[in-house]
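The structure file query.cif is reproduced below (mmCIF, C-alpha atoms and all ligand atoms).
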data_protein
#
loop_
_atom_site.label_atom_id
_atom_site.label_comp_id
_atom_site.auth_asym_id
_atom_site.auth_seq_id
_atom_site.Cartn_x
_atom_site.Cartn_y
_atom_site.Cartn_z
CA MET A 30 -84.76 -163.99 15.16
CA PRO A 31 -86.31 -166.64 17.40
CA GLU A 32 -88.72 -164.96 19.79
CA LEU A 33 -90.05 -166.33 23.06
CA PRO A 34 -92.65 -168.64 21.40
CA GLU A 35 -90.00 -170.32 19.24
CA VAL A 36 -87.75 -170.84 22.26
CA GLU A 37 -90.65 -172.28 24.26
CA ILE A 38 -91.57 -174.62 21.39
CA THR A 39 -87.92 -175.69 21.20
CA ARG A 40 -88.03 -176.43 24.93
CA LEU A 41 -91.27 -178.42 24.59
CA GLY A 42 -89.71 -180.44 21.76
CA LEU A 43 -86.43 -181.09 23.57
CA SER A 44 -87.79 -181.98 27.01
CA PRO A 45 -89.04 -185.50 26.22
CA GLU A 46 -85.83 -186.30 24.32
CA LEU A 47 -83.47 -184.97 27.01
CA GLU A 48 -85.00 -185.27 30.46
CA GLY A 49 -83.78 -188.33 32.35
CA ARG A 50 -81.12 -189.04 29.72
CA ARG A 51 -77.43 -189.25 30.50
CA ILE A 52 -74.96 -187.25 28.42
CA THR A 53 -72.36 -189.58 26.92
CA SER A 54 -70.15 -187.05 25.11
CA VAL A 55 -69.86 -183.44 23.97
CA THR A 56 -68.37 -182.45 20.60
CA LEU A 57 -67.39 -178.82 20.04
CA ARG A 58 -66.48 -178.03 16.41
CA ARG A 59 -65.37 -174.51 17.25
CA PRO A 60 -64.21 -172.85 20.49
CA ASN A 61 -66.73 -170.03 20.46
CA LEU A 62 -70.15 -168.89 19.37
CA ARG A 63 -70.98 -165.32 20.34
CA TRP A 64 -68.68 -165.88 23.33
CA PRO A 65 -66.09 -168.57 24.08
CA ILE A 66 -67.63 -171.86 25.14
CA PRO A 67 -66.33 -172.38 28.70
CA GLY A 68 -64.29 -175.45 29.60
CA GLU A 69 -67.01 -176.71 31.93
CA ILE A 70 -69.20 -177.67 28.96
CA LYS A 71 -66.75 -180.30 27.77
CA GLU A 72 -65.53 -181.24 31.26
CA ARG A 73 -68.71 -181.30 33.36
CA LEU A 74 -71.46 -182.48 31.00
CA PRO A 75 -70.35 -186.04 30.09
CA GLY A 76 -71.73 -188.59 32.54
CA GLN A 77 -74.36 -186.25 33.93
CA THR A 78 -78.09 -186.98 33.84
CA ILE A 79 -80.34 -184.22 32.50
CA LEU A 80 -82.76 -183.31 35.27
CA ALA A 81 -84.88 -180.74 33.44
CA VAL A 82 -84.96 -178.43 30.43
CA ARG A 83 -86.13 -174.97 31.46
CA ARG A 84 -86.62 -171.63 29.76
CA ARG A 85 -85.90 -168.20 31.24
CA ALA A 86 -86.63 -165.30 28.87
CA LYS A 87 -85.14 -166.55 25.59
CA TYR A 88 -82.49 -168.70 27.30
CA LEU A 89 -82.71 -172.47 27.61
CA LEU A 90 -81.26 -174.11 30.72
CA ILE A 91 -80.33 -177.78 30.67
CA ASP A 92 -80.19 -178.68 34.35
CA LEU A 93 -77.58 -181.17 35.56
CA GLY A 94 -76.43 -181.96 39.11
CA PRO A 95 -73.39 -179.60 39.21
CA GLY A 96 -75.05 -176.78 37.29
CA SER A 97 -76.81 -175.90 34.05
CA ALA A 98 -75.82 -175.52 30.42
CA LEU A 99 -77.17 -172.14 29.33
CA LEU A 100 -78.10 -171.77 25.65
CA HIS A 101 -79.34 -168.89 23.54
CA LEU A 102 -80.33 -169.32 19.90
CA GLY A 103 -79.18 -165.80 18.97
CA MET A 104 -80.33 -164.61 15.55
CA SER A 105 -80.30 -167.86 13.63
CA GLY A 106 -79.71 -170.78 15.99
CA SER A 107 -81.66 -174.01 16.16
CA LEU A 108 -81.50 -177.18 18.23
CA ARG A 109 -82.46 -180.56 16.83
CA VAL A 110 -82.32 -184.10 18.14
CA LEU A 111 -81.05 -186.47 15.48
CA GLU A 112 -79.92 -190.01 14.84
CA PRO A 113 -76.14 -190.27 15.40
CA ASP A 114 -75.35 -191.14 11.77
CA VAL A 115 -76.56 -187.77 10.40
CA ALA A 116 -73.37 -186.06 9.17
CA PRO A 117 -72.80 -182.55 10.59
CA GLY A 118 -73.11 -179.60 8.23
CA ALA A 119 -71.04 -176.42 8.05
CA HIS A 120 -72.92 -174.61 10.83
CA ASP A 121 -73.47 -177.56 13.17
CA HIS A 122 -71.18 -176.32 15.94
CA VAL A 123 -72.06 -178.49 18.93
CA ASP A 124 -73.23 -182.06 19.45
CA ILE A 125 -74.39 -183.36 22.82
CA ALA A 126 -74.74 -187.14 22.62
CA LEU A 127 -77.27 -188.92 24.83
CA ASP A 128 -77.52 -192.46 26.19
CA SER A 129 -80.64 -192.90 24.04
CA GLY A 130 -78.22 -193.07 21.11
CA ARG A 131 -79.50 -189.77 19.77
CA VAL A 132 -77.64 -186.48 19.48
CA MET A 133 -78.76 -182.93 20.26
CA ARG A 134 -77.19 -180.69 17.61
CA PHE A 135 -76.79 -176.90 17.85
CA ASN A 136 -76.76 -175.21 14.44
CA ASP A 137 -76.08 -171.46 14.25
CA PRO A 138 -75.02 -169.95 10.89
CA ARG A 139 -74.58 -166.42 12.22
CA ARG A 140 -73.11 -167.41 15.61
CA PHE A 141 -74.96 -164.87 17.72
CA GLY A 142 -76.08 -167.75 19.92
CA CYS A 143 -74.22 -168.90 23.00
CA LEU A 144 -73.48 -171.97 25.09
CA LEU A 145 -72.40 -171.11 28.64
CA TRP A 146 -72.19 -172.68 32.09
CA GLN A 147 -74.11 -171.72 35.22
CA PRO A 148 -72.83 -173.45 38.39
CA GLN A 149 -75.41 -174.94 40.75
CA GLY A 150 -76.77 -172.33 43.16
CA GLU A 151 -75.64 -169.35 41.06
CA THR A 152 -77.51 -167.13 38.62
CA HIS A 153 -75.56 -166.30 35.48
CA ALA A 154 -74.94 -162.58 34.91
CA LEU A 155 -77.07 -162.76 31.75
CA LEU A 156 -80.09 -163.87 33.81
CA ARG A 157 -79.80 -161.33 36.61
CA ASP A 158 -81.94 -158.21 36.50
CA LEU A 159 -84.55 -159.80 34.23
CA GLY A 160 -88.21 -158.90 34.68
CA PRO A 161 -90.93 -161.52 35.21
CA GLU A 162 -91.99 -164.06 32.60
CA PRO A 163 -94.90 -162.68 30.55
CA LEU A 164 -96.97 -165.86 30.99
CA SER A 165 -96.47 -165.96 34.76
CA ALA A 166 -98.86 -164.60 37.39
CA ASP A 167 -96.19 -162.04 38.36
CA PHE A 168 -96.83 -160.21 35.10
CA ASP A 169 -100.06 -158.22 35.01
CA GLY A 170 -101.41 -154.73 34.51
CA ASN A 171 -100.55 -153.65 38.05
CA HIS A 172 -96.90 -154.62 37.48
CA LEU A 173 -96.73 -152.50 34.32
CA PHE A 174 -98.62 -149.61 35.88
CA ARG A 175 -96.37 -149.51 38.95
CA LEU A 176 -93.08 -149.60 37.03
CA SER A 177 -94.20 -147.11 34.40
CA ARG A 178 -94.96 -144.18 36.74
CA GLY A 179 -92.80 -141.20 35.84
CA LYS A 180 -91.44 -142.87 32.69
CA GLN A 181 -91.22 -140.65 29.62
CA ALA A 182 -90.10 -143.49 27.31
CA SER A 183 -92.65 -144.67 24.75
CA ILE A 184 -94.84 -147.52 25.93
CA LYS A 185 -93.46 -149.76 23.16
CA THR A 186 -89.87 -149.21 24.28
CA PHE A 187 -90.98 -149.73 27.90
CA LEU A 188 -92.73 -153.01 27.03
CA MET A 189 -89.63 -154.30 25.22
CA ASP A 190 -87.34 -153.53 28.20
CA GLN A 191 -86.22 -156.96 29.50
CA GLY A 192 -85.99 -155.53 33.02
CA ILE A 193 -89.74 -154.77 32.92
CA VAL A 194 -90.92 -158.05 31.37
CA VAL A 195 -88.89 -160.58 29.38
CA GLY A 196 -89.53 -161.96 25.94
CA VAL A 197 -91.75 -159.28 24.39
CA GLY A 198 -89.86 -158.62 21.17
CA ASN A 199 -90.68 -156.16 18.41
CA ILE A 200 -93.37 -158.28 16.78
CA TYR A 201 -95.23 -159.07 19.98
CA ALA A 202 -94.96 -155.51 21.33
CA ALA A 203 -96.51 -154.13 18.12
CA GLU A 204 -99.29 -156.74 18.04
CA SER A 205 -100.08 -156.44 21.76
CA LEU A 206 -100.34 -152.65 21.60
CA PHE A 207 -102.69 -152.97 18.62
CA ARG A 208 -104.89 -155.46 20.44
CA ALA A 209 -104.96 -153.22 23.54
CA GLY A 210 -105.73 -150.12 21.43
CA ILE A 211 -102.71 -148.16 22.70
CA ALA A 212 -100.57 -145.95 20.42
CA PRO A 213 -96.97 -147.23 20.59
CA SER A 214 -95.46 -143.74 20.95
CA ARG A 215 -97.53 -142.82 24.02
CA PRO A 216 -95.29 -142.09 27.05
CA ALA A 217 -95.40 -145.13 29.36
CA GLY A 218 -96.02 -142.94 32.40
CA GLU A 219 -99.27 -141.57 30.93
CA VAL A 220 -101.06 -144.89 30.41
CA SER A 221 -103.80 -145.72 32.93
CA ARG A 222 -104.07 -148.83 35.07
CA PRO A 223 -107.10 -150.26 33.17
CA ARG A 224 -105.27 -149.84 29.85
CA TYR A 225 -102.22 -151.63 31.29
CA ALA A 226 -104.52 -154.45 32.39
CA ARG A 227 -105.71 -154.80 28.77
CA LEU A 228 -102.12 -154.66 27.52
CA ALA A 229 -100.87 -157.37 29.89
CA LEU A 230 -103.79 -159.59 28.85
CA ALA A 231 -103.04 -158.93 25.16
CA VAL A 232 -99.37 -159.92 25.64
CA LYS A 233 -100.39 -163.19 27.32
CA GLU A 234 -103.04 -164.03 24.70
CA ILE A 235 -100.79 -163.32 21.71
CA LEU A 236 -97.77 -165.20 23.07
CA THR A 237 -99.95 -168.16 24.09
CA HIS A 238 -101.53 -168.27 20.64
CA ALA A 239 -98.12 -168.11 18.93
CA ILE A 240 -96.88 -171.04 21.04
CA GLN A 241 -100.01 -173.03 20.18
CA CYS A 242 -99.49 -172.27 16.48
CA GLY A 243 -96.04 -173.83 16.63
CA GLY A 244 -93.90 -170.73 16.33
CA THR A 245 -95.15 -168.38 13.75
CA THR A 246 -92.88 -165.43 13.44
CA PHE A 247 -89.45 -166.68 12.46
CA ARG A 248 -89.15 -167.62 8.82
CA ASP A 249 -86.19 -169.96 9.26
CA PHE A 250 -87.42 -171.52 12.48
CA ILE A 251 -86.91 -175.27 12.62
CA ARG A 252 -88.61 -177.20 15.37
CA PRO A 253 -86.67 -179.90 17.21
CA ASP A 254 -88.41 -182.56 15.12
CA GLY A 255 -87.08 -180.90 11.96
CA ARG A 256 -90.42 -179.59 10.70
CA PRO A 257 -90.69 -175.88 9.93
CA GLY A 258 -92.82 -173.70 12.20
CA TYR A 259 -95.80 -172.02 10.62
CA PHE A 260 -95.03 -168.55 9.41
CA GLU A 261 -98.61 -167.76 8.47
CA GLN A 262 -99.93 -165.86 11.44
CA GLU A 263 -102.64 -163.31 11.88
CA LEU A 264 -100.32 -160.33 12.19
CA PHE A 265 -102.45 -157.19 12.39
CA VAL A 266 -99.74 -154.53 12.21
CA TYR A 267 -96.20 -155.94 12.24
CA GLY A 268 -94.68 -155.66 8.75
CA ARG A 269 -97.88 -154.11 7.33
CA GLU A 270 -96.97 -150.39 7.06
CA GLY A 271 -99.02 -148.75 4.28
CA GLU A 272 -101.54 -151.59 4.17
CA PRO A 273 -105.14 -151.23 5.39
CA CYS A 274 -105.96 -151.94 9.04
CA LEU A 275 -107.76 -155.29 9.23
CA ILE A 276 -110.25 -153.81 11.70
CA CYS A 277 -111.10 -150.30 10.40
CA GLY A 278 -109.56 -150.15 6.91
CA CYS A 279 -107.41 -147.04 7.60
CA ILE A 280 -103.88 -147.13 6.18
CA LEU A 281 -101.40 -148.27 8.84
CA SER A 282 -98.70 -145.79 9.90
CA GLY A 283 -95.02 -146.60 10.25
CA SER A 284 -92.03 -145.01 11.96
CA ARG A 285 -89.13 -145.95 14.19
CA LEU A 286 -89.34 -146.02 17.96
CA GLY A 287 -86.26 -146.84 20.02
CA ASN A 288 -84.61 -147.58 16.67
CA ARG A 289 -87.10 -150.37 15.92
CA ALA A 290 -89.57 -150.42 13.04
CA THR A 291 -93.02 -149.69 14.42
CA VAL A 292 -96.38 -149.97 12.69
CA TRP A 293 -99.72 -148.95 14.13
CA CYS A 294 -103.25 -147.83 13.26
CA ALA A 295 -103.80 -144.17 14.14
CA HIS A 296 -107.56 -144.82 14.23
CA CYS A 297 -107.65 -147.93 16.43
CA GLN A 298 -104.72 -147.02 18.73
CA LYS A 299 -104.81 -143.93 20.93
ZN ZN A 301 -107.62 -149.58 12.59
#

With the file now loaded, output its structure as C-alpha cells.
Amino acid sequence: MPELPEVEITRLGLSPELEGRRITSVTLRRPNLRWPIPGEIKERLPGQTILAVRRRAKYLLIDLGPGSALLHLGMSGSLRVLEPDVAPGAHDHVDIALDSGRVMRFNDPRRFGCLLWQPQGETHALLRDLGPEPLSADFDGNHLFRLSRGKQASIKTFLMDQGIVVGVGNIYAAESLFRAGIAPSRPAGEVSRPRYARLALAVKEILTHAIQCGGTTFRDFIRPDGRPGYFEQELFVYGREGEPCLICGCILSGSRLGNRATVWCAHCQK
C-alpha cells in the first residue's frame, strides 16, 4: 500500500508536469473506483488551469479555480504522466489530458483508490477530522503527550490514529517506536513527555528519510516518471519477526496490535 512517502514523491513528480497547465479533456474508462466518480470530474475539469498539486494525509488535491480533484491511490494505485500515444492498459481507469500534450494516467488494479470532487471553499468529508501533518510544526511531542492523557490504547494504535496524526502507517509506526525505544504495546496514556518528544522526532526523521530515498516501502510503487521506487530500506523491525535485532542481537518479537502485525525488540524497547 502506498504510504505517505510514496504519495509525497508522487506529488513531487506530478507538480512540475501539472502546475500551470490547462486540462484539455478527461477520459473515464469506468464510472467508479472505490466510489462513483462524481459528474463534476468530467464536467468541471476541462478548460481549467491547474493552480497547485497538494497533499493532505495520503490524499492528493489538484487545485483548480472552482474546486479540487481529490485523489487517493488506495492499495495499488499509481499516477504517471505519459506521452499521449501510449495505449491504455486494462487497469488504466482515468486519463487527464494537459495542454502540454501529455496525459496524467491513473492506474489502479484493485480499485481501492478514489477520484472525487471538493468544491472551492469546502473541505471534503474524508479530510475533516484529520490530525496534523507529521512533518509540520504542529506535530511534536507536546501534541502527542496532550492527546494521549487517559488513553488506554497501545501507543502503536494511538500513533496510527489519523485523528491524532496523519500518515503514520504500520511500517512507520513500528520503525518510529523502535527508534524511540518505546514498546508498541505500552498504553499511550503512560508514556512521558520526553519519550513522546523522541517519538515525534523519530517519526519526522524516518518519514523524511523515506521521501529522500524515493519511496522505499511499497514493492509495486511506480514513480510518476515510471521508474520503480527503491524497496531496499533500512527497516529495523518491520517484517523482521524472529530475526536478530540489528542493534542488540536479541530475537525480535512479533504479535498483533489493533489487528496489525507488530514487531519489536523486547530488549531495546521498553
Ligand atoms: Zn534490540

For chain A against ligand ZN 301 (chain A), with a cut-off of 6 Å and counting all atoms listed in the file, what is the closest atom pair and its distance in Å to one decimal for every residue that makes the cut, ordered by chain and number, as a tab-separated table?
residue	atom	partner	partner_atom	distance
A:Cys274	CA	A:ZN301	ZN	4.6
A:Ile276	CA	A:ZN301	ZN	5.1
A:Cys277	CA	A:ZN301	ZN	4.2
A:Cys279	CA	A:ZN301	ZN	5.6
A:Cys294	CA	A:ZN301	ZN	4.8
A:His296	CA	A:ZN301	ZN	5.0
A:Cys297	CA	A:ZN301	ZN	4.2

Open item on the list: At a cut-off of 9 Å, using all atoms listed in the file, what residues contact Arg215 (chain A)? Leave out same-chain residues fewer than 4 positions from it and give the result as an MDAnalysis selection string.
Closed with: chainID A and resid 181:185 211 219:220 299

Those residues you just picked out, can you put them in a file as a PDB file, keeping the file's coordinate frame with C-alpha atoms?
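So the final result, stored in again04.pdb, reads:
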ATOM      1  CA  GLN A 181     -91.220-140.650  29.620  1.00  0.00           C
ATOM      2  CA  ALA A 182     -90.100-143.490  27.310  1.00  0.00           C
ATOM      3  CA  SER A 183     -92.650-144.670  24.750  1.00  0.00           C
ATOM      4  CA  ILE A 184     -94.840-147.520  25.930  1.00  0.00           C
ATOM      5  CA  LYS A 185     -93.460-149.760  23.160  1.00  0.00           C
ATOM      6  CA  ILE A 211    -102.710-148.160  22.700  1.00  0.00           C
ATOM      7  CA  GLU A 219     -99.270-141.570  30.930  1.00  0.00           C
ATOM      8  CA  VAL A 220    -101.060-144.890  30.410  1.00  0.00           C
ATOM      9  CA  LYS A 299    -104.810-143.930  20.930  1.00  0.00           C
TER      10      LYS A 299
END

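Atom pair CA of Glu263 (chain A) / CA of Ala239 (chain A) has a distance of 9.7 Å (rounded to one decimal).
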
- [ ] Measuring atom to atom with all atoms listed in the file, identify which of A:Leu111, A:Ala212, A:Ala126, A:Val195 is nearest to Pro75 (chain A).
- [x]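 Of the candidates, the smallest distance to Pro75 (chain A) is held by A:Ala126.
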
- [ ] Compile the contact shell of Asn136 (chain A) as a PyMOL selection string: residues with an atom at most 7 Å away, counting all atoms listed in the file, same-chain residues fewer than 2 positions apart removed.
- [x] chain A and resi 106-108+120-122+134+138

Open item on the list: So that I can check the surroundings of Ser284 (chain A), please list as a list in words every protein, DNA and RNA residue that reaches within 9 Å of it, counting all atoms listed in the file and ignoring chain neighbours fewer than 4 positions away.
Closed with: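 The neighbour list is Glu270, Arg289, Ala290, Thr291, Val292 and Trp293 of chain A.
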
Task: Residue list as a ChimeraX atom specification for point (-88.8, -164.1, 23.9), cut-off 9 Å, only C-alpha atoms - done: /A:31-37,85-88,195-198

I need the residues from that last selection saved to file as a PDB file, keeping the file's coordinate frame (with C-alpha atoms), if you can.
ATOM      1  CA  PRO A  31     -86.310-166.640  17.400  1.00  0.00           C
ATOM      2  CA  GLU A  32     -88.720-164.960  19.790  1.00  0.00           C
ATOM      3  CA  LEU A  33     -90.050-166.330  23.060  1.00  0.00           C
ATOM      4  CA  PRO A  34     -92.650-168.640  21.400  1.00  0.00           C
ATOM      5  CA  GLU A  35     -90.000-170.320  19.240  1.00  0.00           C
ATOM      6  CA  VAL A  36     -87.750-170.840  22.260  1.00  0.00           C
ATOM      7  CA  GLU A  37     -90.650-172.280  24.260  1.00  0.00           C
ATOM      8  CA  ARG A  85     -85.900-168.200  31.240  1.00  0.00           C
ATOM      9  CA  ALA A  86     -86.630-165.300  28.870  1.00  0.00           C
ATOM     10  CA  LYS A  87     -85.140-166.550  25.590  1.00  0.00           C
ATOM     11  CA  TYR A  88     -82.490-168.700  27.300  1.00  0.00           C
ATOM     12  CA  VAL A 195     -88.890-160.580  29.380  1.00  0.00           C
ATOM     13  CA  GLY A 196     -89.530-161.960  25.940  1.00  0.00           C
ATOM     14  CA  VAL A 197     -91.750-159.280  24.390  1.00  0.00           C
ATOM     15  CA  GLY A 198     -89.860-158.620  21.170  1.00  0.00           C
TER      16      GLY A 198
END

TODO: Quick one: pull the distance between CA of Ala116 (chain A) and CA of Leu93 (chain A), Å, one decimal.
DONE: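 Those two atoms sit 27.2 Å apart.
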
Give me, as CSV, the closest atom pair and its distance (Å, one decimal) for every residue of region 66-165 of chain A within a cut-off of 9 Å of region 57-61 of chain A, counting all atoms listed in the file, rows sorted by chain and rising number.
residue,atom,partner,partner_atom,distance
A:Ile66,CA,A:Asn61,CA,5.1
A:Pro67,CA,A:Pro60,CA,8.5
A:Lys71,CA,A:Leu57,CA,7.9
A:Asp121,CA,A:Arg58,CA,7.7
A:His122,CA,A:Arg58,CA,5.0
A:Val123,CA,A:Leu57,CA,4.8
A:Asp124,CA,A:Leu57,CA,6.7
A:Ile125,CA,A:Leu57,CA,8.8
A:Arg140,CA,A:Asn61,CA,8.4
A:Cys143,CA,A:Asn61,CA,8.0
A:Leu144,CA,A:Asn61,CA,8.4

Task: Distance criterion (only C-alpha atoms): nearest to Gln298 (chain A) out of A:Gln191, A:Ser205, A:Thr237, A:Ser221 - done: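 Using only C-alpha atoms, Gln298 (chain A) sits closest to A:Ser205.
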
Open item on the list: My list of candidates is A:Leu159, A:Val55, A:Val266, A:Met30. Which is closest to Glu72 (chain A) when distances are computed with all atoms listed in the file?
Closed with: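 Of A:Leu159, A:Val55, A:Val266, A:Met30, the one nearest Glu72 (chain A), counting all atoms listed in the file, is A:Val55.
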
- [ ] Find, counting all atoms listed in the file, the residue in A:Ile38, A:Leu155, A:Ala295, A:Ala231 that gets nearest to Leu99 (chain A).
- [x] A:Leu155

TODO: May I have the protein, DNA and RNA residues with any atom at most 12 Å from the point (-82.6, -183.2, 24.8), counting only C-alpha atoms, written as a VMD selection string?
DONE: chain A and resid 39 to 52 78 to 83 89 to 92 98 108 to 111 124 to 135 253 to 254

Task: For CA of Leu62 (chain A) and CA of Gly118 (chain A), the interatomic separation in Å (one decimal) - done: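 Between these atoms lies a distance of 15.7 Å.
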
Open item on the list: Measuring between all atoms listed in the file, which one of A:Gln77, A:Asn171, A:Gln149, A:Ser54 shows the shortest distance to Arg224 (chain A)?
Closed with: A:Asn171
